[in-house]
$ cat protein_7.cif   # mmCIF, C-alpha atoms
data_input
loop_
_atom_site.label_atom_id
_atom_site.label_comp_id
_atom_site.auth_asym_id
_atom_site.auth_seq_id
_atom_site.Cartn_x
_atom_site.Cartn_y
_atom_site.Cartn_z
CA MET O 789 -8.11 1.04 29.53
CA ALA O 790 -8.52 -2.76 29.75
CA ASP O 791 -12.19 -2.78 28.71
CA PHE O 792 -13.19 -1.66 25.22
CA GLU O 793 -15.80 -2.62 22.67
CA PRO O 794 -14.20 -3.88 19.42
CA SER O 795 -17.27 -2.97 17.35
CA SER O 796 -16.80 0.71 18.29
CA LEU O 797 -13.57 1.00 16.29
CA SER O 798 -13.89 2.91 13.01
CA GLN O 799 -13.23 0.80 9.90
CA SER O 800 -14.19 2.99 6.95
CA TRP O 801 -13.49 6.39 5.43
CA PRO O 802 -16.44 8.74 4.75
CA ARG O 803 -17.62 8.65 1.12
CA PRO O 804 -17.71 11.79 -1.04
CA SER O 805 -21.15 13.39 -1.10
CA ALA O 806 -21.02 13.89 -4.89
CA PRO O 807 -18.53 11.43 -6.46
CA ARG O 808 -16.70 12.67 -9.52
CA PRO O 809 -16.16 10.46 -12.60
CA ILE O 810 -13.05 8.28 -12.44
CA VAL O 811 -10.79 7.87 -15.48
CA ILE O 812 -8.56 4.81 -15.17
CA ILE O 813 -5.27 4.83 -17.05
CA GLY O 814 -3.85 1.32 -17.24
CA ALA O 815 -5.64 -2.01 -17.61
CA GLY O 816 -3.40 -4.37 -15.63
CA GLY O 817 -4.53 -7.14 -13.30
CA ILE O 818 -4.83 -4.88 -10.25
CA VAL O 819 -7.50 -2.80 -12.01
CA GLY O 820 -9.77 -5.80 -12.49
CA ASP O 821 -8.93 -7.33 -9.11
CA ALA O 822 -9.26 -4.23 -6.92
CA HIS O 823 -9.90 -0.83 -8.52
CA LEU O 824 -13.06 -1.69 -10.47
CA PRO O 825 -14.58 -3.96 -7.80
CA ALA O 826 -14.03 -1.23 -5.21
CA TYR O 827 -15.57 1.51 -7.31
CA ALA O 828 -18.56 -0.68 -8.19
CA MET O 829 -19.05 -1.53 -4.52
CA ALA O 830 -18.93 2.15 -3.56
CA GLY O 831 -21.12 3.32 -6.43
CA PHE O 832 -18.36 5.55 -7.86
CA PRO O 833 -18.88 6.41 -11.55
CA VAL O 834 -16.15 5.19 -13.91
CA ALA O 835 -15.95 7.35 -17.04
CA GLY O 836 -13.73 4.88 -18.85
CA ILE O 837 -10.43 2.99 -19.13
CA TYR O 838 -7.39 3.69 -21.28
CA ASP O 839 -4.36 1.51 -21.97
CA ARG O 840 -1.76 1.58 -24.72
CA ASP O 841 -2.91 -1.96 -25.40
CA VAL O 842 -6.30 -1.00 -26.82
CA VAL O 843 -7.51 -4.61 -27.04
CA LYS O 844 -6.67 -5.21 -23.38
CA ALA O 845 -8.45 -2.02 -22.30
CA ARG O 846 -11.51 -2.85 -24.37
CA ALA O 847 -11.76 -6.37 -22.93
CA LEU O 848 -11.57 -5.12 -19.34
CA ALA O 849 -14.01 -2.30 -20.05
CA GLU O 850 -16.54 -4.68 -21.58
CA ARG O 851 -16.26 -6.98 -18.58
CA TRP O 852 -17.24 -4.11 -16.28
CA SER O 853 -19.65 -2.37 -18.67
CA VAL O 854 -17.68 0.87 -18.84
CA PRO O 855 -16.31 2.75 -21.87
CA ALA O 856 -12.82 2.22 -23.29
CA PHE O 857 -10.92 5.26 -24.54
CA ARG O 858 -9.02 5.03 -27.82
CA THR O 859 -6.43 7.80 -27.36
CA VAL O 860 -4.66 9.71 -24.60
CA ASP O 861 -6.20 12.97 -25.78
CA GLU O 862 -9.69 11.51 -25.47
CA THR O 863 -8.81 10.16 -22.03
CA VAL O 864 -7.52 13.38 -20.48
CA ALA O 865 -10.38 15.46 -21.95
CA VAL O 866 -12.97 14.15 -19.47
CA ARG O 867 -14.14 17.15 -17.44
CA ASP O 868 -14.07 17.21 -13.63
CA ALA O 869 -12.51 13.74 -13.63
CA VAL O 870 -10.37 12.06 -11.03
CA PHE O 871 -7.53 10.32 -12.85
CA ASP O 872 -6.56 6.90 -11.51
CA LEU O 873 -3.06 6.03 -12.77
CA ALA O 874 -2.73 2.25 -12.62
CA THR O 875 0.49 2.40 -14.61
CA PRO O 876 3.99 0.93 -14.04
CA PRO O 877 6.29 3.33 -12.15
CA ALA O 878 8.37 4.06 -15.24
CA ALA O 879 5.28 5.50 -16.96
CA HIS O 880 3.98 7.78 -14.20
CA LEU O 881 5.88 10.94 -15.08
CA ASP O 882 5.02 10.86 -18.79
CA VAL O 883 1.32 10.30 -18.08
CA LEU O 884 1.20 13.05 -15.46
CA LYS O 885 2.61 15.51 -18.00
CA ARG O 886 -0.48 14.91 -20.16
CA LEU O 887 -3.03 15.68 -17.44
CA PRO O 888 -4.76 19.08 -17.25
CA LYS O 889 -3.62 21.66 -14.71
CA GLY O 890 -5.24 21.32 -11.30
CA ALA O 891 -6.25 17.70 -11.92
CA ALA O 892 -7.11 15.33 -9.07
CA VAL O 893 -4.99 12.22 -9.54
CA LEU O 894 -4.33 8.96 -7.72
CA ILE O 895 -0.91 7.52 -8.62
CA GLN O 896 -0.19 3.81 -8.29
CA LYS O 897 2.70 3.09 -5.94
CA PRO O 898 5.64 3.34 -6.10
CA MET O 899 5.93 7.06 -6.80
CA GLY O 900 8.38 6.45 -9.63
CA ARG O 901 11.27 4.01 -9.93
CA ASP O 902 13.49 5.80 -7.41
CA LEU O 903 13.73 8.90 -5.26
CA ALA O 904 14.90 11.04 -8.19
CA GLU O 905 11.71 10.24 -10.12
CA ALA O 906 9.63 10.75 -6.99
CA SER O 907 11.19 14.20 -6.63
CA ALA O 908 10.41 14.97 -10.29
CA ILE O 909 6.79 13.86 -9.79
CA LEU O 910 6.52 16.01 -6.67
CA ALA O 911 7.91 19.03 -8.51
CA LEU O 912 5.51 18.50 -11.44
CA ALA O 913 2.53 18.12 -9.10
CA ARG O 914 3.42 21.40 -7.41
CA THR O 915 3.96 23.24 -10.72
CA ARG O 916 0.74 21.97 -12.28
CA GLY O 917 -1.33 22.41 -9.12
CA PHE O 918 -2.36 18.75 -8.98
CA LYS O 919 -4.34 17.39 -6.05
CA ALA O 920 -2.23 14.25 -6.14
CA ALA O 921 -2.15 11.21 -3.90
CA VAL O 922 -0.25 7.92 -4.07
CA ASN O 923 -2.23 4.69 -3.78
CA PHE O 924 -0.88 3.53 -0.40
CA GLN O 925 -4.26 1.97 0.26
CA LEU O 926 -3.17 -0.36 3.10
CA ARG O 927 -3.65 2.61 5.43
CA PHE O 928 -7.34 2.60 4.43
CA SER O 929 -8.03 -1.13 4.92
CA PRO O 930 -10.68 -1.87 7.56
CA MET O 931 -8.13 -3.62 9.79
CA MET O 932 -5.65 -0.73 9.73
CA LEU O 933 -8.30 1.99 10.14
CA ALA O 934 -9.58 0.10 13.19
CA LEU O 935 -6.06 -0.25 14.56
CA ALA O 936 -5.35 3.44 13.97
CA ASP O 937 -8.53 4.25 15.89
CA ALA O 938 -7.42 2.01 18.76
CA VAL O 939 -3.98 3.60 18.86
CA GLY O 940 -5.53 7.07 18.65
CA ARG O 941 -7.72 6.28 21.65
CA GLY O 942 -4.66 5.24 23.65
CA LEU O 943 -5.72 1.61 24.03
CA LEU O 944 -2.18 0.38 23.40
CA GLY O 945 -0.31 3.32 24.90
CA PRO O 946 2.78 4.66 23.11
CA LEU O 947 4.03 2.14 20.54
CA VAL O 948 7.41 0.63 21.39
CA ASP O 949 7.69 -2.45 19.15
CA VAL O 950 6.47 -3.06 15.60
CA GLU O 951 7.27 -6.17 13.56
CA VAL O 952 6.27 -7.26 10.05
CA HIS O 953 6.64 -10.97 9.30
CA LEU O 954 5.95 -12.58 5.91
CA ASN O 955 6.79 -16.19 5.12
CA LEU O 956 4.74 -17.32 2.13
CA VAL O 957 4.59 -17.84 -1.63
CA THR O 958 3.80 -14.88 -3.87
CA PRO O 959 2.72 -15.63 -7.49
CA TRP O 960 5.05 -13.13 -9.11
CA HIS O 961 4.02 -14.34 -12.58
CA LEU O 962 0.84 -12.28 -12.15
CA PHE O 963 3.01 -9.15 -12.41
CA PRO O 964 5.02 -9.56 -15.63
CA PHE O 965 6.16 -5.92 -15.64
CA LEU O 966 8.47 -6.74 -12.70
CA LYS O 967 10.71 -8.96 -14.81
CA GLY O 968 13.95 -7.18 -15.52
CA MET O 969 13.35 -4.38 -13.01
CA PRO O 970 16.43 -3.75 -10.84
CA ARG O 971 14.31 -2.91 -7.79
CA VAL O 972 11.45 -5.23 -6.92
CA GLU O 973 10.63 -6.44 -3.40
CA ILE O 974 11.04 -3.25 -1.38
CA ALA O 975 9.99 -0.96 -4.24
CA VAL O 976 6.68 -2.62 -5.09
CA HIS O 977 5.76 -4.77 -2.08
CA SER O 978 7.36 -3.90 1.25
CA ILE O 979 6.86 -0.24 0.37
CA HIS O 980 3.31 -0.78 1.68
CA TYR O 981 4.68 -1.76 5.07
CA LEU O 982 7.22 1.06 5.20
CA ASP O 983 4.44 3.52 4.42
CA LEU O 984 2.14 2.05 7.06
CA ILE O 985 4.91 2.12 9.67
CA ARG O 986 5.41 5.81 8.90
CA ALA O 987 1.70 6.37 9.48
CA PHE O 988 2.01 4.99 13.02
CA LEU O 989 5.57 5.92 14.04
CA GLY O 990 6.54 8.84 11.81
CA ASN O 991 9.75 9.07 9.83
CA PRO O 992 12.72 6.98 11.00
CA THR O 993 16.17 8.47 11.33
CA GLY O 994 17.79 5.56 9.50
CA ILE O 995 17.43 2.06 8.11
CA HIS O 996 19.54 -1.08 7.88
CA ALA O 997 18.43 -3.46 5.12
CA ARG O 998 19.34 -6.45 3.02
CA THR O 999 17.25 -7.46 0.01
CA LEU O 1000 18.01 -10.34 -2.35
CA GLY O 1001 16.59 -12.81 -4.82
CA HIS O 1002 16.04 -16.57 -4.57
CA PRO O 1003 17.23 -19.52 -6.69
CA SER O 1004 13.64 -20.28 -7.69
CA THR O 1005 13.08 -16.97 -9.50
CA ASP O 1006 14.87 -14.59 -11.85
CA LEU O 1007 13.38 -11.48 -10.19
CA ALA O 1008 15.93 -9.11 -8.71
CA GLN O 1009 14.69 -9.43 -5.12
CA THR O 1010 12.02 -11.49 -3.35
CA ARG O 1011 13.36 -11.47 0.22
CA THR O 1012 14.11 -8.58 2.59
CA SER O 1013 15.29 -8.04 6.14
CA ALA O 1014 15.21 -4.53 7.58
CA LEU O 1015 15.66 -2.71 10.86
CA LEU O 1016 14.27 0.82 11.16
CA ASP O 1017 15.84 3.25 13.62
CA PHE O 1018 13.37 5.47 15.49
CA GLY O 1019 15.60 6.17 18.46
CA GLY O 1020 14.67 5.86 22.11
CA ASP O 1021 12.88 2.68 23.15
CA ARG O 1022 11.15 1.95 19.83
CA ARG O 1023 12.13 -1.13 17.80
CA CYS O 1024 10.87 -1.89 14.31
CA THR O 1025 11.78 -4.85 12.10
CA LEU O 1026 10.71 -6.46 8.83
CA SER O 1027 11.34 -10.08 7.86
CA ILE O 1028 10.00 -10.78 4.37
CA ASN O 1029 10.25 -14.09 2.49
CA HIS O 1030 8.11 -14.62 -0.61
CA ASN O 1031 9.59 -18.07 -1.33
CA HIS O 1032 8.30 -20.35 1.45
CA ASP O 1033 6.88 -23.00 -0.89
CA PHE O 1034 6.42 -25.78 1.68
CA GLY O 1035 2.66 -25.80 2.23
CA ARG O 1036 0.32 -23.54 4.16
CA ARG O 1037 1.02 -24.79 7.69
CA PHE O 1038 3.88 -22.45 8.59
CA GLN O 1039 3.15 -19.64 6.18
CA ASP O 1040 2.52 -16.29 7.82
CA ALA O 1041 1.63 -12.70 6.94
CA SER O 1042 1.33 -10.54 10.01
CA PHE O 1043 1.95 -7.20 11.69
CA ARG O 1044 2.58 -7.06 15.44
CA PHE O 1045 2.15 -3.75 17.27
CA GLU O 1046 3.10 -3.50 20.93
CA GLY O 1047 2.59 -0.48 23.15
CA ARG O 1048 3.36 0.13 26.80
CA ASP O 1049 -0.22 -0.74 27.75
CA GLY O 1050 -1.51 -3.13 25.08
CA ALA O 1051 -0.80 -4.92 21.83
CA ALA O 1052 -2.35 -5.79 18.47
CA LEU O 1053 -1.84 -8.56 15.95
CA VAL O 1054 -2.94 -8.15 12.33
CA LYS O 1055 -3.21 -11.01 9.84
CA LEU O 1056 -2.82 -9.89 6.22
CA GLY O 1057 -5.06 -12.62 4.86
CA LEU O 1058 -4.98 -11.36 1.29
CA LEU O 1059 -1.34 -12.41 0.91
CA LEU O 1060 -1.98 -16.03 1.85
CA ASN O 1061 -2.97 -17.90 -1.32
CA TYR O 1062 -2.99 -14.60 -3.26
CA PRO O 1063 -5.08 -13.38 -5.05
CA LYS O 1064 -7.90 -15.48 -3.54
CA GLY O 1065 -6.56 -14.91 -0.06
CA GLU O 1066 -7.96 -15.61 3.37
CA PRO O 1067 -9.94 -13.34 5.72
CA ASP O 1068 -7.95 -10.56 7.35
CA GLU O 1069 -7.84 -10.59 11.15
CA LEU O 1070 -7.27 -8.02 13.89
CA TRP O 1071 -6.73 -8.96 17.53
CA ILE O 1072 -6.24 -6.38 20.28
CA THR O 1073 -5.51 -6.55 23.97
CA ALA O 1074 -5.52 -3.51 26.22
CA ASP O 1075 -4.18 -5.60 29.12
CA ARG O 1076 -0.73 -6.62 30.27
CA GLY O 1077 0.48 -9.75 31.98
CA PRO O 1078 -0.37 -13.47 31.79
CA ASP O 1079 -4.10 -12.84 32.12
CA ALA O 1080 -4.30 -10.38 29.23
CA LYS O 1081 -7.55 -10.85 27.33
CA TRP O 1082 -7.32 -10.65 23.54
CA LYS O 1083 -10.38 -9.47 21.63
CA SER O 1084 -11.08 -10.17 17.98
CA VAL O 1085 -12.30 -7.20 15.96
CA LYS O 1086 -14.98 -8.28 13.48
CA LEU O 1087 -13.87 -6.67 10.24
CA SER O 1088 -16.27 -5.09 7.75
CA GLY O 1089 -14.13 -5.96 4.74
CA GLY O 1090 -10.66 -6.80 3.49
CA TRP O 1091 -7.57 -5.05 2.17
CA PHE O 1092 -8.81 -5.79 -1.38
CA PRO O 1093 -11.06 -4.22 -2.51
CA HIS O 1094 -12.30 -2.18 0.46
CA ALA O 1095 -9.10 -0.18 1.03
CA PHE O 1096 -9.32 1.14 -2.53
CA ILE O 1097 -12.66 2.72 -1.65
CA GLY O 1098 -11.03 4.57 1.22
CA VAL O 1099 -8.07 6.04 -0.63
CA MET O 1100 -10.29 7.18 -3.53
CA SER O 1101 -12.85 8.62 -1.09
CA ASN O 1102 -10.18 10.69 0.66
CA LEU O 1103 -8.89 12.06 -2.66
CA GLN O 1104 -12.37 12.91 -3.92
CA ARG O 1105 -13.36 14.55 -0.63
CA TYR O 1106 -10.11 16.53 -0.55
CA ALA O 1107 -10.63 17.70 -4.13
CA THR O 1108 -14.04 19.14 -3.22
CA GLY O 1109 -13.07 20.49 0.22
CA GLU O 1110 -14.86 17.85 2.29
CA ASP O 1111 -11.57 16.56 3.75
CA GLU O 1112 -8.92 18.94 5.05
CA THR O 1113 -6.07 16.43 4.69
CA LEU O 1114 -4.97 14.34 1.74
CA VAL O 1115 -3.60 11.41 3.72
CA THR O 1116 -1.31 9.88 1.08
CA SER O 1117 -0.49 13.08 -0.79
CA VAL O 1118 2.63 13.19 -2.95
CA GLU O 1119 4.10 15.47 -0.30
CA ASP O 1120 3.71 12.71 2.30
CA ALA O 1121 4.47 9.82 -0.06
CA TRP O 1122 7.84 11.33 -0.96
CA HIS O 1123 9.02 10.42 2.56
CA THR O 1124 8.04 6.79 2.01
CA MET O 1125 10.07 6.86 -1.20
CA ALA O 1126 12.98 8.28 0.80
CA MET O 1127 12.74 5.24 3.10
CA VAL O 1128 12.78 2.93 0.07
CA GLU O 1129 15.84 4.70 -1.32
CA ALA O 1130 17.64 4.45 2.02
CA ALA O 1131 16.83 0.73 2.20
CA PHE O 1132 18.35 0.05 -1.22
CA GLU O 1133 21.40 2.18 -0.38
CA SER O 1134 21.84 0.23 2.85
CA ALA O 1135 21.48 -3.08 1.00
CA ALA O 1136 24.21 -2.04 -1.43
CA ALA O 1137 26.62 -1.01 1.31
CA PRO O 1138 28.96 -3.50 2.98
CA ALA O 1139 27.94 -4.86 6.35
CA THR O 1140 30.05 -4.31 9.47
CA ALA O 1141 32.87 -6.81 9.21
CA VAL O 1142 33.11 -9.63 11.72
CA ARG O 1143 36.63 -9.82 13.09
CA THR O 1144 38.62 -12.96 12.46
CA ALA O 1145 40.73 -14.70 15.03
CA PRO O 1146 44.28 -13.31 15.44
#
$ encode --input "protein_7.cif" --output "structure tokens"
Amino acid sequence: MADFEPSSLSQSWPRPSAPRPIVIIGAGGIVGDAHLPAYAMAGFPVAGIYDRDVVKARALAERWSVPAFRTVDETVAVRDAVFDLATPPAAHLDVLKRLPKGAAVLIQKPMGRDLAEASAILALARTRGFKAAVNFQLRFSPMMLALADAVGRGLLGPLVDVEVHLNLVTPWHLFPFLKGMPRVEIAVHSIHYLDLIRAFLGNPTGIHARTLGHPSTDLAQTRTSALLDFGGDRRCTLSINHNHDFGRRFQDASFRFEGRDGAALVKLGLLLNYPKGEPDELWITADRGPDAKWKSVKLSGGWFPHAFIGVMSNLQRYATGEDETLVTSVEDAWHTMAMVEAAFESAAAPATAVRTAP
């Protein structure tokens, strides 16, 4: 297993043979930074953009030379559309209720504000016959598709240790809708990592977590520590700090995957100096011991915008029968929301007391 060719690892999802028009609902920063660049790069047709702030929607639409819808009725009337909900979590359920039966829809994460809303969204999707996915696009980034291919080939052996480490500065002012929300860091950021961990390790049996704010910000939480319980010999931890404002030198954004036979290190370059970012990196060794040789996988793109092509491609292909599985379906995404809920419940519970001297 020690010898493998990095360029042989798959880094992209197949495109739909006949892309359907995309209707974007919401005109926030992520749409201009990732959704529209991705769809332009892939050649996906965008039928138009709608936002309650008509001026905002029109400005973004003009920038990308696509139409701007004036009303919700006009928006949901587009035939054979794939609806891309780039809306805050509090708005998801109301928007979904306006979509036609059987619609194909991509829902921005998180899947509601809490597990109760996620359950309501799941029930509505089932009742209305939606082909619905949640935009957990990190799974579709070139680096993670390549890693999934490597793990699937057995290059690392069974995974036994997974660690997420972030120590950086996140410009939270770019996301004004987060201000005043009671759930922030895990619900809108580390949820990506919890979902990705599920993709590789399955559902944990439990979680221990602490999540808290920082004196430099009025957001509810910007730091998280978590330990996921998978039983047996598997360990999984997250250490997340969005407030390391002491220069680039010791900032970090990485995933470490270790198996019985090999290991991988992923650099999440996008998060360093976000939104400009740095190049993502993937390093893999299929060796053990002091002479292990690490190989760099030359990546074909980054988390933004390339991963957004993948998640939309999977939804479009599933809607037309080209893909058998909807990878981030609402059925699957509900379990990620259950992890988020468990993390917040754990954070609210008292820790095991340390005994004092008699």
$ resolve_selection --input "protein_7.cif" --expression "the PyMOL selection byres ((chain O and resi 925) around 9)" --output "number ranges by chain"
O: 922-924, 926-929, 980, 1091, 1095-1100, 1116
$ closest_atom_pairs --input "protein_7.cif" --of "region 1069-1111 of chain O" --to "region 1032-1055 of chain O" --cutoff "9 Å" --atoms "all atoms listed in the file" --output "JSON lines"
{"residue": "O:Glu1069", "atom": "CA", "partner": "O:Lys1055", "partner_atom": "CA", "distance": 4.8}
{"residue": "O:Leu1070", "atom": "CA", "partner": "O:Val1054", "partner_atom": "CA", "distance": 4.6}
{"residue": "O:Trp1071", "atom": "CA", "partner": "O:Leu1053", "partner_atom": "CA", "distance": 5.2}
{"residue": "O:Ile1072", "atom": "CA", "partner": "O:Ala1052", "partner_atom": "CA", "distance": 4.3}
{"residue": "O:Thr1073", "atom": "CA", "partner": "O:Gly1050", "partner_atom": "CA", "distance": 5.4}
{"residue": "O:Ala1074", "atom": "CA", "partner": "O:Gly1050", "partner_atom": "CA", "distance": 4.2}
{"residue": "O:Asp1075", "atom": "CA", "partner": "O:Gly1050", "partner_atom": "CA", "distance": 5.4}
{"residue": "O:Arg1076", "atom": "CA", "partner": "O:Gly1050", "partner_atom": "CA", "distance": 6.3}
{"residue": "O:Ala1080", "atom": "CA", "partner": "O:Gly1050", "partner_atom": "CA", "distance": 8.8}
{"residue": "O:Trp1082", "atom": "CA", "partner": "O:Ala1052", "partner_atom": "CA", "distance": 8.6}
$ write_last_selection --input "protein_7.cif" --atoms "C-alpha atoms" --output "mmCIF file, in the coordinates of the input"
data_model
loop_
_atom_site.group_PDB
_atom_site.id
_atom_site.type_symbol
_atom_site.label_atom_id
_atom_site.label_comp_id
_atom_site.auth_asym_id
_atom_site.auth_seq_id
_atom_site.Cartn_x
_atom_site.Cartn_y
_atom_site.Cartn_z
ATOM 1 C CA GLU O 1069 -7.840 -10.590 11.150
ATOM 2 C CA LEU O 1070 -7.270 -8.020 13.890
ATOM 3 C CA TRP O 1071 -6.730 -8.960 17.530
ATOM 4 C CA ILE O 1072 -6.240 -6.380 20.280
ATOM 5 C CA THR O 1073 -5.510 -6.550 23.970
ATOM 6 C CA ALA O 1074 -5.520 -3.510 26.220
ATOM 7 C CA ASP O 1075 -4.180 -5.600 29.120
ATOM 8 C CA ARG O 1076 -0.730 -6.620 30.270
ATOM 9 C CA ALA O 1080 -4.300 -10.380 29.230
ATOM 10 C CA TRP O 1082 -7.320 -10.650 23.540
#
$ closest_atom_pairs --input "protein_7.cif" --of "region 893-1007 of chain O" --to "region 855-874 of chain O" --cutoff "12 Å" --atoms "all atoms listed in the file" --output "JSON lines"
{"residue": "O:Val893", "atom": "CA", "partner": "O:Phe871", "partner_atom": "CA", "distance": 4.6}
{"residue": "O:Leu894", "atom": "CA", "partner": "O:Asp872", "partner_atom": "CA", "distance": 4.9}
{"residue": "O:Ile895", "atom": "CA", "partner": "O:Leu873", "partner_atom": "CA", "distance": 4.9}
{"residue": "O:Gln896", "atom": "CA", "partner": "O:Ala874", "partner_atom": "CA", "distance": 5.3}
{"residue": "O:Lys897", "atom": "CA", "partner": "O:Ala874", "partner_atom": "CA", "distance": 8.6}
{"residue": "O:Pro898", "atom": "CA", "partner": "O:Ala874", "partner_atom": "CA", "distance": 10.7}
{"residue": "O:Met899", "atom": "CA", "partner": "O:Leu873", "partner_atom": "CA", "distance": 10.8}
{"residue": "O:Gly900", "atom": "CA", "partner": "O:Leu873", "partner_atom": "CA", "distance": 11.9}
{"residue": "O:Phe918", "atom": "CA", "partner": "O:Phe871", "partner_atom": "CA", "distance": 10.6}
{"residue": "O:Lys919", "atom": "CA", "partner": "O:Val870", "partner_atom": "CA", "distance": 9.5}
{"residue": "O:Ala920", "atom": "CA", "partner": "O:Phe871", "partner_atom": "CA", "distance": 9.4}
{"residue": "O:Ala921", "atom": "CA", "partner": "O:Asp872", "partner_atom": "CA", "distance": 9.8}
{"residue": "O:Val922", "atom": "CA", "partner": "O:Leu873", "partner_atom": "CA", "distance": 9.3}
{"residue": "O:Asn923", "atom": "CA", "partner": "O:Leu873", "partner_atom": "CA", "distance": 9.1}
$ resolve_selection --input "protein_7.cif" --expression "the PyMOL selection byres ((chain O and resi 1113) around 12)" --output "list in words"
Lys919, Ala920, Ala921, Val1099, Ser1101, Asn1102, Leu1103, Gln1104, Arg1105, Tyr1106, Ala1107, Thr1108, Gly1109, Glu1110, Asp1111, Glu1112, Leu1114, Val1115, Thr1116, Ser1117, Glu1119 and Asp1120 of chain O
$ closest_residue --input "protein_7.cif" --among "O:Asn955, O:Ser805, O:Arg1011, O:His977" --to "Asn1061 (chain O)" --atoms "only C-alpha atoms"
O:Asn955
$ atom_distance --input "protein_7.cif" --atom1 "CA of Ser795 (chain O)" --atom2 "CA of Val939 (chain O)"
14.9 Å
$ axis_aligned_box --input "protein_7.cif" --around "region 1115-1125 of chain O" --padding-each-side "4 Å" --output "lines of an AutoDock Vina configuration file"
center_x = 3.2
center_y = 11.1
center_z = 0.4
size_x = 21.7
size_y = 16.7
size_z = 14.7
$ atom_distance --input "protein_7.cif" --atom1 "CA of Pro930 (chain O)" --atom2 "CA of Asp1017 (chain O)"
27.7 Å
$ resolve_selection --input "protein_7.cif" --expression "the PyMOL selection byres ((chain O and resi 996) around 7)" --output "list in words"
Ile995, Ala997, Ala1014, Leu1015, Leu1016, Ala1131 and Ser1134 of chain O
$ residues_around --input "protein_7.cif" --residues "Ser798 (chain O)" --least-positions-apart "5" --cutoff "7 Å" --atoms "all atoms listed in the file" --output "list of chain:residue names"
O:Leu933, O:Ala934, O:Asp937
$ closest_residue --input "protein_7.cif" --among "O:Ala906, O:Ala879, O:Leu1060, O:Met1125" --to "Asn991 (chain O)" --atoms "all atoms listed in the file"
O:Met1125
$ decode --input "protein_7.cif" --residues "region 965-978 of chain O" --atoms "N, CA and C atoms" --output "mmCIF file, in the first residue's frame"
data_model
loop_
_atom_site.group_PDB
_atom_site.id
_atom_site.type_symbol
_atom_site.label_atom_id
_atom_site.label_comp_id
_atom_site.auth_asym_id
_atom_site.auth_seq_id
_atom_site.Cartn_x
_atom_site.Cartn_y
_atom_site.Cartn_z
ATOM 1 N N PHE O 965 -26.041 38.657 10.022
ATOM 2 C CA PHE O 965 -27.226 37.954 10.512
ATOM 3 C C PHE O 965 -26.921 37.127 11.763
ATOM 4 N N LEU O 966 -25.628 36.916 12.069
ATOM 5 C CA LEU O 966 -25.269 36.122 13.244
ATOM 6 C C LEU O 966 -25.436 36.893 14.549
ATOM 7 N N LYS O 967 -25.434 38.209 14.461
ATOM 8 C CA LYS O 967 -25.521 39.023 15.667
ATOM 9 C C LYS O 967 -26.867 38.806 16.345
ATOM 10 N N GLY O 968 -26.815 38.465 17.605
ATOM 11 C CA GLY O 968 -28.030 38.221 18.359
ATOM 12 C C GLY O 968 -28.500 36.782 18.339
ATOM 13 N N MET O 969 -27.940 35.940 17.465
ATOM 14 C CA MET O 969 -28.323 34.532 17.442
ATOM 15 C C MET O 969 -27.784 33.832 18.682
ATOM 16 N N PRO O 970 -28.575 32.981 19.333
ATOM 17 C CA PRO O 970 -28.103 32.297 20.532
ATOM 18 C C PRO O 970 -27.131 31.154 20.249
ATOM 19 N N ARG O 971 -27.161 30.662 19.015
ATOM 20 C CA ARG O 971 -26.268 29.570 18.624
ATOM 21 C C ARG O 971 -25.475 30.003 17.396
ATOM 22 N N VAL O 972 -24.154 30.055 17.532
ATOM 23 C CA VAL O 972 -23.347 30.574 16.431
ATOM 24 C C VAL O 972 -22.268 29.585 15.987
ATOM 25 N N GLU O 973 -21.216 29.412 16.770
ATOM 26 C CA GLU O 973 -20.014 28.734 16.272
ATOM 27 C C GLU O 973 -20.303 27.317 15.779
ATOM 28 N N ILE O 974 -20.880 26.491 16.618
ATOM 29 C CA ILE O 974 -21.147 25.117 16.202
ATOM 30 C C ILE O 974 -22.222 25.078 15.125
ATOM 31 N N ALA O 975 -23.248 25.920 15.284
ATOM 32 C CA ALA O 975 -24.415 25.855 14.393
ATOM 33 C C ALA O 975 -24.115 26.289 12.970
ATOM 34 N N VAL O 976 -23.205 27.256 12.785
ATOM 35 C CA VAL O 976 -22.977 27.774 11.435
ATOM 36 C C VAL O 976 -21.552 27.551 10.930
ATOM 37 N N HIS O 977 -20.639 27.148 11.804
ATOM 38 C CA HIS O 977 -19.261 26.938 11.331
ATOM 39 C C HIS O 977 -18.796 25.500 11.551
ATOM 40 N N SER O 978 -18.641 25.109 12.799
ATOM 41 C CA SER O 978 -18.136 23.757 13.053
ATOM 42 C C SER O 978 -19.099 22.671 12.598
#
